[in-house]
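Q: Sharing final-v2.pdb below, PDB, C-alpha atoms and all ligand atoms:
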ATOM      1  CA  MET A  11      65.211 157.686 141.174
ATOM      2  CA  SER A  12      63.460 159.048 144.254
ATOM      3  CA  THR A  13      61.739 156.687 146.706
ATOM      4  CA  PRO A  14      59.947 157.335 150.002
ATOM      5  CA  PHE A  15      63.017 155.903 151.787
ATOM      6  CA  LEU A  16      65.097 158.746 150.270
ATOM      7  CA  ASP A  17      62.657 161.489 151.246
ATOM      8  CA  GLN A  18      64.615 163.004 154.147
ATOM      9  CA  ASP A  19      61.590 164.819 155.630
ATOM     10  CA  LEU A  20      59.527 161.622 155.599
ATOM     11  CA  VAL A  21      62.408 159.600 157.066
ATOM     12  CA  ARG A  22      63.030 162.102 159.871
ATOM     13  CA  GLU A  23      59.544 163.336 160.687
ATOM     14  CA  SER A  24      57.444 160.277 160.034
ATOM     15  CA  LEU A  25      59.200 156.935 159.573
ATOM     16  CA  TYR A  26      61.549 157.183 162.570
ATOM     17  CA  SER A  27      60.155 160.054 164.637
ATOM     18  CA  ASP A  28      59.204 157.390 167.184
ATOM     19  CA  ALA A  29      59.697 153.654 167.452
ATOM     20  CA  THR A  30      56.113 152.599 166.658
ATOM     21  CA  ARG A  31      56.254 152.006 162.897
ATOM     22  CA  LEU A  32      59.633 150.238 162.951
ATOM     23  CA  SER A  33      58.593 148.051 165.848
ATOM     24  CA  ARG A  34      55.294 147.053 164.170
ATOM     25  CA  ARG A  35      57.067 146.337 160.883
ATOM     26  CA  THR A  36      59.687 144.191 162.610
ATOM     27  CA  GLN A  37      56.956 142.332 164.527
ATOM     28  CA  ALA A  38      54.904 141.654 161.381
ATOM     29  CA  LEU A  39      57.953 140.382 159.481
ATOM     30  CA  ARG A  40      59.214 138.262 162.400
ATOM     31  CA  ALA A  41      55.820 136.617 162.822
ATOM     32  CA  ALA A  42      55.757 135.802 159.092
ATOM     33  CA  LYS A  43      59.316 134.525 158.677
ATOM     34  CA  VAL A  44      59.542 130.865 157.692
ATOM     35  CA  ALA A  45      63.082 130.804 156.217
ATOM     36  CA  GLY A  46      66.201 132.911 156.752
ATOM     37  CA  SER A  47      68.767 133.313 159.502
ATOM     38  CA  ASP A  48      68.612 135.828 162.305
ATOM     39  CA  VAL A  49      70.434 138.823 160.809
ATOM     40  CA  ALA A  50      71.999 140.115 164.041
ATOM     41  CA  THR A  51      73.446 136.660 164.729
ATOM     42  CA  ILE A  52      75.015 136.491 161.255
ATOM     43  CA  ILE A  53      76.452 140.014 161.621
ATOM     44  CA  THR A  54      78.187 139.204 164.907
ATOM     45  CA  ARG A  55      79.525 135.913 163.501
ATOM     46  CA  LEU A  56      81.000 137.729 160.492
ATOM     47  CA  LEU A  57      82.505 140.469 162.682
ATOM     48  CA  LYS A  58      84.027 137.954 165.080
ATOM     49  CA  LEU A  59      86.026 136.373 162.239
ATOM     50  CA  HIS A  60      88.004 139.642 161.959
ATOM     51  CA  LEU A  61      87.723 141.006 165.496
ATOM     52  CA  PRO A  62      88.985 138.499 168.032
ATOM     53  CA  ASP A  63      89.350 140.948 170.932
ATOM     54  CA  GLY A  64      86.468 143.419 171.033
ATOM     55  CA  GLY A  65      87.761 147.008 170.896
ATOM     56  CA  THR A  66      85.540 149.929 169.880
ATOM     57  CA  VAL A  67      82.566 148.870 167.744
ATOM     58  CA  LEU A  68      80.144 151.257 166.021
ATOM     59  CA  ASP A  69      76.577 150.332 164.985
ATOM     60  CA  VAL A  70      75.613 152.870 162.278
ATOM     61  CA  GLY A  71      71.866 153.546 161.878
ATOM     62  CA  CYS A  72      71.218 151.332 164.907
ATOM     63  CA  GLY A  73      67.457 151.977 165.034
ATOM     64  CA  ARG A  74      65.917 150.162 168.019
ATOM     65  CA  GLY A  75      69.242 148.516 168.804
ATOM     66  CA  THR A  76      68.519 144.949 167.717
ATOM     67  CA  THR A  77      72.011 144.465 166.261
ATOM     68  CA  THR A  78      73.590 146.613 168.996
ATOM     69  CA  ALA A  79      72.169 144.270 171.645
ATOM     70  CA  ARG A  80      73.561 141.207 169.892
ATOM     71  CA  ILE A  81      76.995 142.826 169.512
ATOM     72  CA  ALA A  82      76.997 143.602 173.239
ATOM     73  CA  VAL A  83      76.271 139.983 174.170
ATOM     74  CA  ASN A  84      78.241 138.102 171.498
ATOM     75  CA  LEU A  85      81.318 140.338 171.090
ATOM     76  CA  ARG A  86      81.526 142.116 174.470
ATOM     77  CA  PRO A  87      83.472 145.067 172.979
ATOM     78  CA  ARG A  88      85.380 147.419 175.280
ATOM     79  CA  ARG A  89      83.344 150.283 173.850
ATOM     80  CA  LEU A  90      80.071 149.993 171.939
ATOM     81  CA  ILE A  91      78.690 153.063 170.153
ATOM     82  CA  ALA A  92      75.168 153.155 168.688
ATOM     83  CA  LEU A  93      74.605 155.979 166.192
ATOM     84  CA  ASP A  94      71.362 157.115 164.600
ATOM     85  CA  ALA A  95      69.691 160.280 163.322
ATOM     86  CA  SER A  96      66.603 159.539 165.424
ATOM     87  CA  ALA A  97      66.827 160.490 169.104
ATOM     88  CA  ALA A  98      63.583 158.560 169.730
ATOM     89  CA  LEU A  99      65.035 155.297 168.393
ATOM     90  CA  LEU A 100      68.299 155.861 170.255
ATOM     91  CA  ALA A 101      66.302 156.157 173.476
ATOM     92  CA  VAL A 102      64.912 152.666 172.812
ATOM     93  CA  THR A 103      68.443 151.385 172.110
ATOM     94  CA  ALA A 104      69.707 152.967 175.335
ATOM     95  CA  SER A 105      67.017 151.189 177.347
ATOM     96  CA  ARG A 106      67.655 147.829 175.645
ATOM     97  CA  VAL A 107      71.468 148.071 175.666
ATOM     98  CA  PRO A 108      72.528 150.177 178.671
ATOM     99  CA  GLN A 109      76.223 149.458 178.052
ATOM    100  CA  ALA A 110      76.084 151.191 174.617
ATOM    101  CA  GLU A 111      76.934 154.883 174.215
ATOM    102  CA  THR A 112      74.319 156.545 172.022
ATOM    103  CA  VAL A 113      75.154 159.274 169.515
ATOM    104  CA  VAL A 114      72.639 161.335 167.533
ATOM    105  CA  ALA A 115      74.307 162.087 164.195
ATOM    106  CA  ASP A 116      73.903 161.976 160.430
ATOM    107  CA  PHE A 117      75.809 158.975 159.079
ATOM    108  CA  HIS A 118      77.162 161.118 156.231
ATOM    109  CA  HIS A 119      79.370 162.893 158.823
ATOM    110  CA  LEU A 120      80.503 160.454 161.485
ATOM    111  CA  PRO A 121      81.716 162.307 164.602
ATOM    112  CA  PHE A 122      84.844 160.154 165.065
ATOM    113  CA  TYR A 123      88.438 160.752 164.218
ATOM    114  CA  THR A 124      90.293 158.887 161.497
ATOM    115  CA  GLY A 125      91.205 155.355 162.577
ATOM    116  CA  GLN A 126      89.294 155.581 165.889
ATOM    117  CA  LEU A 127      87.101 152.505 165.421
ATOM    118  CA  ASP A 128      88.042 148.814 165.529
ATOM    119  CA  ALA A 129      84.897 147.643 163.729
ATOM    120  CA  ALA A 130      81.657 148.980 162.254
ATOM    121  CA  VAL A 131      78.252 147.662 161.255
ATOM    122  CA  ALA A 132      75.597 149.337 159.090
ATOM    123  CA  ALA A 133      72.462 147.198 158.751
ATOM    124  CA  PHE A 134      69.397 148.125 156.717
ATOM    125  CA  CYS A 135      70.045 151.863 156.796
ATOM    126  CA  LEU A 136      72.174 152.947 153.826
ATOM    127  CA  TYR A 137      69.143 152.724 151.503
ATOM    128  CA  HIS A 138      68.046 155.934 153.239
ATOM    129  CA  SER A 139      70.998 157.769 151.683
ATOM    130  CA  PRO A 140      70.964 159.147 148.131
ATOM    131  CA  HIS A 141      74.780 158.787 148.327
ATOM    132  CA  PRO A 142      75.545 155.556 150.208
ATOM    133  CA  ASP A 143      79.105 155.700 148.816
ATOM    134  CA  ASP A 144      79.703 158.810 150.969
ATOM    135  CA  VAL A 145      78.595 156.942 154.102
ATOM    136  CA  ILE A 146      80.797 153.960 153.210
ATOM    137  CA  ALA A 147      83.734 156.372 152.766
ATOM    138  CA  GLU A 148      83.038 157.793 156.241
ATOM    139  CA  VAL A 149      82.938 154.299 157.768
ATOM    140  CA  ALA A 150      86.242 153.439 156.048
ATOM    141  CA  ARG A 151      87.829 156.687 157.267
ATOM    142  CA  CYS A 152      86.908 156.003 160.903
ATOM    143  CA  LEU A 153      88.202 152.415 160.951
ATOM    144  CA  ARG A 154      91.743 151.523 161.979
ATOM    145  CA  PRO A 155      93.827 149.531 159.456
ATOM    146  CA  CYS A 156      92.589 145.892 159.373
ATOM    147  CA  GLY A 157      89.332 146.949 161.053
ATOM    148  CA  PRO A 158      86.302 145.093 159.654
ATOM    149  CA  ALA A 159      82.992 146.521 158.469
ATOM    150  CA  VAL A 160      79.786 144.557 157.871
ATOM    151  CA  LEU A 161      77.192 146.295 155.693
ATOM    152  CA  VAL A 162      73.776 144.750 155.141
ATOM    153  CA  THR A 163      70.915 145.453 152.778
ATOM    154  CA  LYS A 164      68.037 143.823 150.879
ATOM    155  CA  SER A 165      67.310 142.961 147.261
ATOM    156  CA  LEU A 166      65.492 145.352 144.933
ATOM    157  CA  ASP A 167      62.690 142.798 144.511
ATOM    158  CA  SER A 168      62.042 142.418 148.259
ATOM    159  CA  TYR A 169      58.331 141.893 149.029
ATOM    160  CA  THR A 170      57.290 142.690 145.424
ATOM    161  CA  GLU A 171      54.670 139.906 145.663
ATOM    162  CA  LEU A 172      52.671 142.603 147.456
ATOM    163  CA  ASP A 173      52.473 144.790 144.331
ATOM    164  CA  GLU A 174      49.971 142.441 142.713
ATOM    165  CA  ILE A 175      47.804 142.298 145.826
ATOM    166  CA  VAL A 176      47.828 146.044 146.386
ATOM    167  CA  ALA A 177      47.027 146.739 142.715
ATOM    168  CA  GLY A 178      44.516 143.879 142.359
ATOM    169  CA  SER A 179      42.582 144.967 145.438
ATOM    170  CA  GLY A 180      42.441 148.533 144.121
ATOM    171  CA  LEU A 181      44.288 149.917 147.156
ATOM    172  CA  ASP A 182      46.862 151.490 144.812
ATOM    173  CA  TRP A 183      46.487 150.919 141.068
ATOM    174  CA  GLN A 184      49.914 152.358 140.292
ATOM    175  CA  THR A 185      52.098 149.773 142.038
ATOM    176  CA  SER A 186      54.165 149.200 138.896
ATOM    177  CA  ALA A 187      55.142 152.893 139.075
ATOM    178  CA  ARG A 188      56.332 152.591 142.689
ATOM    179  CA  PRO A 189      60.099 152.076 142.827
ATOM    180  CA  SER A 190      61.764 149.618 145.151
ATOM    181  CA  LEU A 191      62.441 151.157 148.561
ATOM    182  CA  TYR A 192      65.967 149.746 148.266
ATOM    183  CA  THR A 193      66.922 151.534 145.037
ATOM    184  CA  SER A 194      69.964 153.412 146.335
ATOM    185  CA  PHE A 195      71.627 150.499 148.179
ATOM    186  CA  ASN A 196      70.637 146.916 147.432
ATOM    187  CA  SER A 197      71.878 143.390 146.747
ATOM    188  CA  ASP A 198      72.883 144.377 143.196
ATOM    189  CA  ASN A 199      75.059 147.422 143.932
ATOM    190  CA  ILE A 200      76.332 146.782 147.485
ATOM    191  CA  GLU A 201      79.451 144.860 146.421
ATOM    192  CA  GLU A 202      80.619 147.482 143.946
ATOM    193  CA  LEU A 203      79.940 150.401 146.306
ATOM    194  CA  VAL A 204      81.789 148.792 149.212
ATOM    195  CA  ALA A 205      84.679 147.640 146.991
ATOM    196  CA  GLN A 206      85.203 151.225 145.763
ATOM    197  CA  ARG A 207      86.188 152.274 149.304
ATOM    198  CA  PHE A 208      87.579 149.086 150.811
ATOM    199  CA  GLY A 209      89.107 147.079 147.965
ATOM    200  CA  ALA A 210      88.317 143.411 148.560
ATOM    201  CA  VAL A 211      84.794 142.479 149.696
ATOM    202  CA  THR A 212      83.326 139.126 150.677
ATOM    203  CA  MET A 213      79.614 138.761 149.942
ATOM    204  CA  HIS A 214      76.975 136.536 151.518
ATOM    205  CA  HIS A 215      73.414 136.398 150.212
ATOM    206  CA  GLU A 216      70.504 134.568 151.801
ATOM    207  CA  GLN A 217      66.886 134.392 150.723
ATOM    208  CA  HIS A 218      64.349 135.039 153.477
ATOM    209  CA  ILE A 219      60.795 133.760 153.017
ATOM    210  CA  PHE A 220      57.738 135.136 154.789
ATOM    211  CA  ARG A 221      54.281 133.592 155.092
ATOM    212  CA  PHE A 222      51.585 136.043 156.084
ATOM    213  CA  ALA A 223      48.841 133.857 157.519
ATOM    214  CA  ASP A 224      45.880 136.049 156.553
ATOM    215  CA  PHE A 225      44.835 139.573 155.564
ATOM    216  CA  GLU A 226      44.973 140.760 159.167
ATOM    217  CA  HIS A 227      48.649 139.853 159.285
ATOM    218  CA  LEU A 228      49.235 141.354 155.820
ATOM    219  CA  GLY A 229      47.368 144.533 156.824
ATOM    220  CA  ALA A 230      49.632 144.906 159.859
ATOM    221  CA  TYR A 231      52.666 144.833 157.554
ATOM    222  CA  LEU A 232      51.144 147.024 154.823
ATOM    223  CA  ALA A 233      50.346 149.711 157.395
ATOM    224  CA  THR A 234      54.093 150.090 158.006
ATOM    225  CA  THR A 235      55.391 150.384 154.434
ATOM    226  CA  PRO A 236      55.581 153.792 152.757
ATOM    227  CA  LYS A 237      55.962 152.217 149.299
ATOM    228  CA  TYR A 238      52.309 152.527 148.253
ATOM    229  CA  GLU A 239      49.885 155.449 148.110
ATOM    230  CA  LEU A 240      46.971 154.238 150.210
ATOM    231  CA  GLY A 241      45.214 157.572 150.744
ATOM    232  CA  GLU A 242      43.206 157.940 153.917
ATOM    233  CA  ILE A 243      43.703 154.327 155.045
ATOM    234  CA  ALA A 244      47.526 154.649 154.949
ATOM    235  CA  GLY A 245      48.947 153.453 158.253
ATOM    236  CA  ASP A 246      45.582 152.019 159.398
ATOM    237  CA  ALA A 247      46.064 148.246 159.674
ATOM    238  CA  ALA A 248      42.394 147.503 160.444
ATOM    239  CA  ALA A 249      41.100 149.544 157.486
ATOM    240  CA  ILE A 250      43.633 147.941 155.113
ATOM    241  CA  THR A 251      42.632 144.470 156.339
ATOM    242  CA  GLN A 252      38.953 145.287 155.788
ATOM    243  CA  ALA A 253      39.630 146.562 152.260
ATOM    244  CA  LEU A 254      41.530 143.369 151.395
ATOM    245  CA  ARG A 255      38.704 141.192 152.780
ATOM    246  CA  GLN A 256      36.181 143.068 150.642
ATOM    247  CA  TRP A 257      38.310 142.265 147.590
ATOM    248  CA  ARG A 258      38.587 138.482 147.889
ATOM    249  CA  PRO A 259      38.437 135.632 150.430
ATOM    250  CA  ASP A 260      41.285 135.566 152.901
ATOM    251  CA  ARG A 261      44.287 133.343 152.174
ATOM    252  CA  PRO A 262      47.981 133.216 153.079
ATOM    253  CA  THR A 263      50.546 135.295 151.170
ATOM    254  CA  ILE A 264      54.158 134.262 150.579
ATOM    255  CA  MET A 265      56.784 137.015 150.139
ATOM    256  CA  ARG A 266      60.524 136.913 149.617
ATOM    257  CA  SER A 267      63.546 139.131 150.223
ATOM    258  CA  THR A 268      67.245 138.458 149.761
ATOM    259  CA  VAL A 269      69.442 139.760 152.557
ATOM    260  CA  SER A 270      72.971 140.664 151.410
ATOM    261  CA  TYR A 271      75.990 141.046 153.695
ATOM    262  CA  ALA A 272      79.212 142.741 152.559
ATOM    263  CA  VAL A 273      82.242 142.056 154.741
ATOM    264  CA  ALA A 274      85.208 144.356 154.137
ATOM    265  CA  VAL A 275      88.447 145.100 155.934
ATOM    266  CA  LYS A 276      90.199 148.486 155.971
ATOM    267  CA  GLN A 277      93.482 148.271 154.047
TER     268      GLN A 277
HETATM  269  C1  LIG B 301      65.362 150.179 159.106
HETATM  270  S1  LIG B 301      66.153 151.064 160.387
HETATM  271  C2  LIG B 301      67.484 149.945 160.690
HETATM  272  C3  LIG B 301      67.752 149.739 162.124
HETATM  273  C4  LIG B 301      68.805 148.719 162.522
HETATM  274  N1  LIG B 301      70.095 148.922 161.892
HETATM  275  C5  LIG B 301      68.326 147.315 162.290
HETATM  276  O1  LIG B 301      68.954 146.566 161.550
HETATM  277  O2  LIG B 301      67.330 146.932 162.909
HETATM  278  C6  LIG B 301      66.985 152.404 159.551
HETATM  279  C7  LIG B 301      67.656 153.370 160.516
HETATM  280  O3  LIG B 301      68.462 154.291 159.772
HETATM  281  C8  LIG B 301      68.407 155.540 160.431
HETATM  282  N2  LIG B 301      68.824 156.621 159.527
HETATM  283  C9  LIG B 301      68.212 157.022 158.375
HETATM  284  N3  LIG B 301      68.886 158.051 157.821
HETATM  285  C10 LIG B 301      69.942 158.309 158.644
HETATM  286  C11 LIG B 301      71.016 159.256 158.616
HETATM  287  N4  LIG B 301      71.135 160.157 157.618
HETATM  288  N5  LIG B 301      71.933 159.219 159.607
HETATM  289  C12 LIG B 301      71.830 158.321 160.614
HETATM  290  N6  LIG B 301      70.834 157.396 160.712
HETATM  291  C13 LIG B 301      69.898 157.388 159.725
HETATM  292  C14 LIG B 301      66.940 155.656 160.842
HETATM  293  O4  LIG B 301      66.735 156.648 161.832
HETATM  294  C15 LIG B 301      66.659 154.221 161.302
HETATM  295  O5  LIG B 301      66.890 154.060 162.668
END
Could the structure of this file be written out as structure tokens, please?
Ligand SMILES: C[S@@+](CC[C@H](N)C(=O)[O-])C[C@H]1O[C@@H](n2cnc3c(N)ncnc32)[C@H](O)[C@@H]1O

A:
Amino acid sequence: MSTPFLDQDLVRESLYSDATRLSRRTQALRAAKVAGSDVATIITRLLKLHLPDGGTVLDVGCGRGTTTARIAVNLRPRRLIALDASAALLAVTASRVPQAETVVADFHHLPFYTGQLDAAVAAFCLYHSPHPDDVIAEVARCLRPCGPAVLVTKSLDSYTELDEIVAGSGLDWQTSARPSLYTSFNSDNIEELVAQRFGAVTMHHEQHIFRFADFEHLGAYLATTPKYELGEIAGDAAAITQALRQWRPDRPTIMRSTVSYAVAVKQ
């Protein structure tokens, strides 16, 4: 099933053509989070269990470099490579993590030789691939034997509490027809997809809970999600907030998402 996250033109030319949307989305979610661990901290802890002495570490789909920065500080690898399809986001990573080498590439074709990497991370990015199994195969190819990979995604039902609000307010009546953004790679299929390429996989799941204090906060988040069809107010946080306030009195909104970590080691 197609989703906006699988629309390659949208992904390249709109969602990640600069850092603005991703940074606003991250800010809105961070400000709302009331339960759930810091993902970059968990990733480095899981990697450290299998990577006592640094080496060459790749962050696939690094975005603004949040995980890359944590790897740099917590693991101090000899070589840290941050890879993304978006040159604009890599520029942000380069400024935040000067010790990382940045590589513009499509994660379906990693520009590394077989066995070159000691460890790899791919957080919240494989749901942009219609064939995440191909990316996982590439990651496995590039790892040395016994090299660990940590892959992270979200549950299909992440933030679905919003569907009712968006439909109820009349912003988008068709929310039940809008597929999860995480359809191609999610908490339900991650284990099987990773196991196909790596053999044994250890899974960790954690529920994250978000409390959006009011419609202004919710509008800031809604302006960053491509899930709904919001017409001319799409992307306009102030207009979305106003539309929600016209619908009903302001009140907090609770949303949930399960974050799933797959830890695998190259055989
Ligand atoms: C939600 S961001 C995740 C960023 C980061 N890993 C994090 O956890 O904060 C998704 C990233 O995947 C990247 N991406 C999407 N499709 C890609 C592809 N085919 N090859 C490489 N990167 C891709 C986007 O450019 C974006 O930076």

Q: Residues up to 8 Å from ligand LIG 301 (chain B), counting all atoms listed in the file: could you list those as number ranges by chain?

A: A: 18, 21-22, 25-27, 32, 49-50, 69-77, 93-96, 99-100, 114-118, 132-136, 138-139

Q: Selection in question (the file shown): the PyMOL selection byres (((chain A and resi 166-182) around 9) and not hetatm). Which residues does it include, as a ChimeraX atom specification?

A: /A:164-165,183-186,188-193,195-198,220,232,238-241,250,253-254,256-258,263-269

Q: Just to be explicit: take each residue in the selection above, keep C-alpha atoms, and write the result as an mmCIF file, in the coordinates of the input.

A:
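After the write, result19.cif holds the following:
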data_model
loop_
_atom_site.group_PDB
_atom_site.id
_atom_site.type_symbol
_atom_site.label_atom_id
_atom_site.label_comp_id
_atom_site.auth_asym_id
_atom_site.auth_seq_id
_atom_site.Cartn_x
_atom_site.Cartn_y
_atom_site.Cartn_z
ATOM 1 C CA LYS A 164 68.037 143.823 150.879
ATOM 2 C CA SER A 165 67.310 142.961 147.261
ATOM 3 C CA TRP A 183 46.487 150.919 141.068
ATOM 4 C CA GLN A 184 49.914 152.358 140.292
ATOM 5 C CA THR A 185 52.098 149.773 142.038
ATOM 6 C CA SER A 186 54.165 149.200 138.896
ATOM 7 C CA ARG A 188 56.332 152.591 142.689
ATOM 8 C CA PRO A 189 60.099 152.076 142.827
ATOM 9 C CA SER A 190 61.764 149.618 145.151
ATOM 10 C CA LEU A 191 62.441 151.157 148.561
ATOM 11 C CA TYR A 192 65.967 149.746 148.266
ATOM 12 C CA THR A 193 66.922 151.534 145.037
ATOM 13 C CA PHE A 195 71.627 150.499 148.179
ATOM 14 C CA ASN A 196 70.637 146.916 147.432
ATOM 15 C CA SER A 197 71.878 143.390 146.747
ATOM 16 C CA ASP A 198 72.883 144.377 143.196
ATOM 17 C CA PHE A 220 57.738 135.136 154.789
ATOM 18 C CA LEU A 232 51.144 147.024 154.823
ATOM 19 C CA TYR A 238 52.309 152.527 148.253
ATOM 20 C CA GLU A 239 49.885 155.449 148.110
ATOM 21 C CA LEU A 240 46.971 154.238 150.210
ATOM 22 C CA GLY A 241 45.214 157.572 150.744
ATOM 23 C CA ILE A 250 43.633 147.941 155.113
ATOM 24 C CA ALA A 253 39.630 146.562 152.260
ATOM 25 C CA LEU A 254 41.530 143.369 151.395
ATOM 26 C CA GLN A 256 36.181 143.068 150.642
ATOM 27 C CA TRP A 257 38.310 142.265 147.590
ATOM 28 C CA ARG A 258 38.587 138.482 147.889
ATOM 29 C CA THR A 263 50.546 135.295 151.170
ATOM 30 C CA ILE A 264 54.158 134.262 150.579
ATOM 31 C CA MET A 265 56.784 137.015 150.139
ATOM 32 C CA ARG A 266 60.524 136.913 149.617
ATOM 33 C CA SER A 267 63.546 139.131 150.223
ATOM 34 C CA THR A 268 67.245 138.458 149.761
ATOM 35 C CA VAL A 269 69.442 139.760 152.557
#

Q: When the PyMOL selection byres (((chain A and resi 36-43) around 6) and not hetatm) is applied to the file above, which residues end up in the set, as a PDB file with C-alpha atoms, keeping the file's coordinate frame?

A:
ATOM      1  CA  SER A  33      58.593 148.051 165.848  1.00  0.00           C
ATOM      2  CA  ARG A  34      55.294 147.053 164.170  1.00  0.00           C
ATOM      3  CA  ARG A  35      57.067 146.337 160.883  1.00  0.00           C
ATOM      4  CA  VAL A  44      59.542 130.865 157.692  1.00  0.00           C
ATOM      5  CA  ALA A  45      63.082 130.804 156.217  1.00  0.00           C
ATOM      6  CA  ILE A 219      60.795 133.760 153.017  1.00  0.00           C
ATOM      7  CA  PHE A 220      57.738 135.136 154.789  1.00  0.00           C
ATOM      8  CA  ARG A 221      54.281 133.592 155.092  1.00  0.00           C
ATOM      9  CA  PHE A 222      51.585 136.043 156.084  1.00  0.00           C
ATOM     10  CA  TYR A 231      52.666 144.833 157.554  1.00  0.00           C
TER      11      TYR A 231
END

Q: Edge lengths and centre in Å to one decimal, as JSON, of the axis-aligned box that encloses all listed atoms of range 165-172 of chain A with 5 Å added on every side?

A:
{"center_x": 60.0, "center_y": 142.6, "center_z": 146.8, "size_x": 24.6, "size_y": 15.4, "size_z": 14.5}

Q: With all atoms listed in the file as the atoms that count, which of A:Thr163, A:Ser194, A:Ser270, A:Thr30 lies nearest to Glu216 in chain A?

A: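 Looking at the shortest contact to Glu216 in chain A, the residue is A:Ser270.
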
Q: Nearest residue to Val275 in chain A out of A:Val131, A:Leu20, A:Ala233, A:Ala98, using only C-alpha atoms?

A: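 Nearest candidate to Val275 in chain A out of A:Val131, A:Leu20, A:Ala233, A:Ala98: A:Val131.
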
Q: When the PyMOL selection byres (((chain A and resi 271) around 7) and not hetatm) is applied to the structure above, which residues does it catch, written out as a VMD selection string?

A: chain A and resid 160 to 163 213 to 215 269 to 270 272 to 273

Q: Mind pulling up the distance from CA of Ala187 in chain A to CA of Arg255 in chain A?

A: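 Going from CA of Arg255 in chain A over to CA of Ala187 in chain A covers 24.4 Å.
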
Q: To one decimal place in Å, what is the distance between CA of Gln206 in chain A and CA of Thr54 in chain A?

A: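 Distance reported for this atom pair: 23.7 Å.
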
Q: Which residues are close to Gly245 in chain A, i.e. within 7 Å by all atoms listed in the file, leaving aside same-chain residues fewer than 2 positions away? Reply as a list of chain:residue names.

A: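 Those residues are A:Ala233, A:Thr234, A:Ile243, A:Ala247.
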
Q: So what do you get for CA of Arg151 in chain A versus CA of Ala79 in chain A, distance-wise?

A: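 Distance between the two atoms: 24.6 Å.
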
Q: Could you tell me which of A:Leu68, A:Leu85, A:Ala101, A:Ala274 comes closest to Leu120 in chain A if we count only C-alpha atoms?

A: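 For Leu120 in chain A, the nearest of the candidates is A:Leu68.
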
Q: For a quick check of understanding, using all atoms listed in the file, which of A:Val149, A:Leu90, A:Ile52, A:Leu203 has the smallest distance to Ala104 in chain A?

A: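 Distance minimum relative to Ala104 in chain A lands on A:Leu90.
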
Q: Closest to Val113 in chain A among A:Met11, A:Ile91, A:Ala130, A:Leu228, using all atoms listed in the file?

A: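 Going through A:Met11, A:Ile91, A:Ala130, A:Leu228 one by one, the smallest distance to Val113 in chain A is for A:Ile91.
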
Q: Pick from A:Ile200, A:Ala29, A:Ala82, A:Ala110: nearest to Tyr137 in chain A, with only C-alpha atoms counted?

A: A:Ile200

Q: Residues at most 8 Å from Asp128 in chain A, counting all atoms listed in the file, excluding those fewer than 2 positions away in the same chain, as a ChimeraX atom specification?

A: /A:61,64-67,125-126,130,153-154,157-158
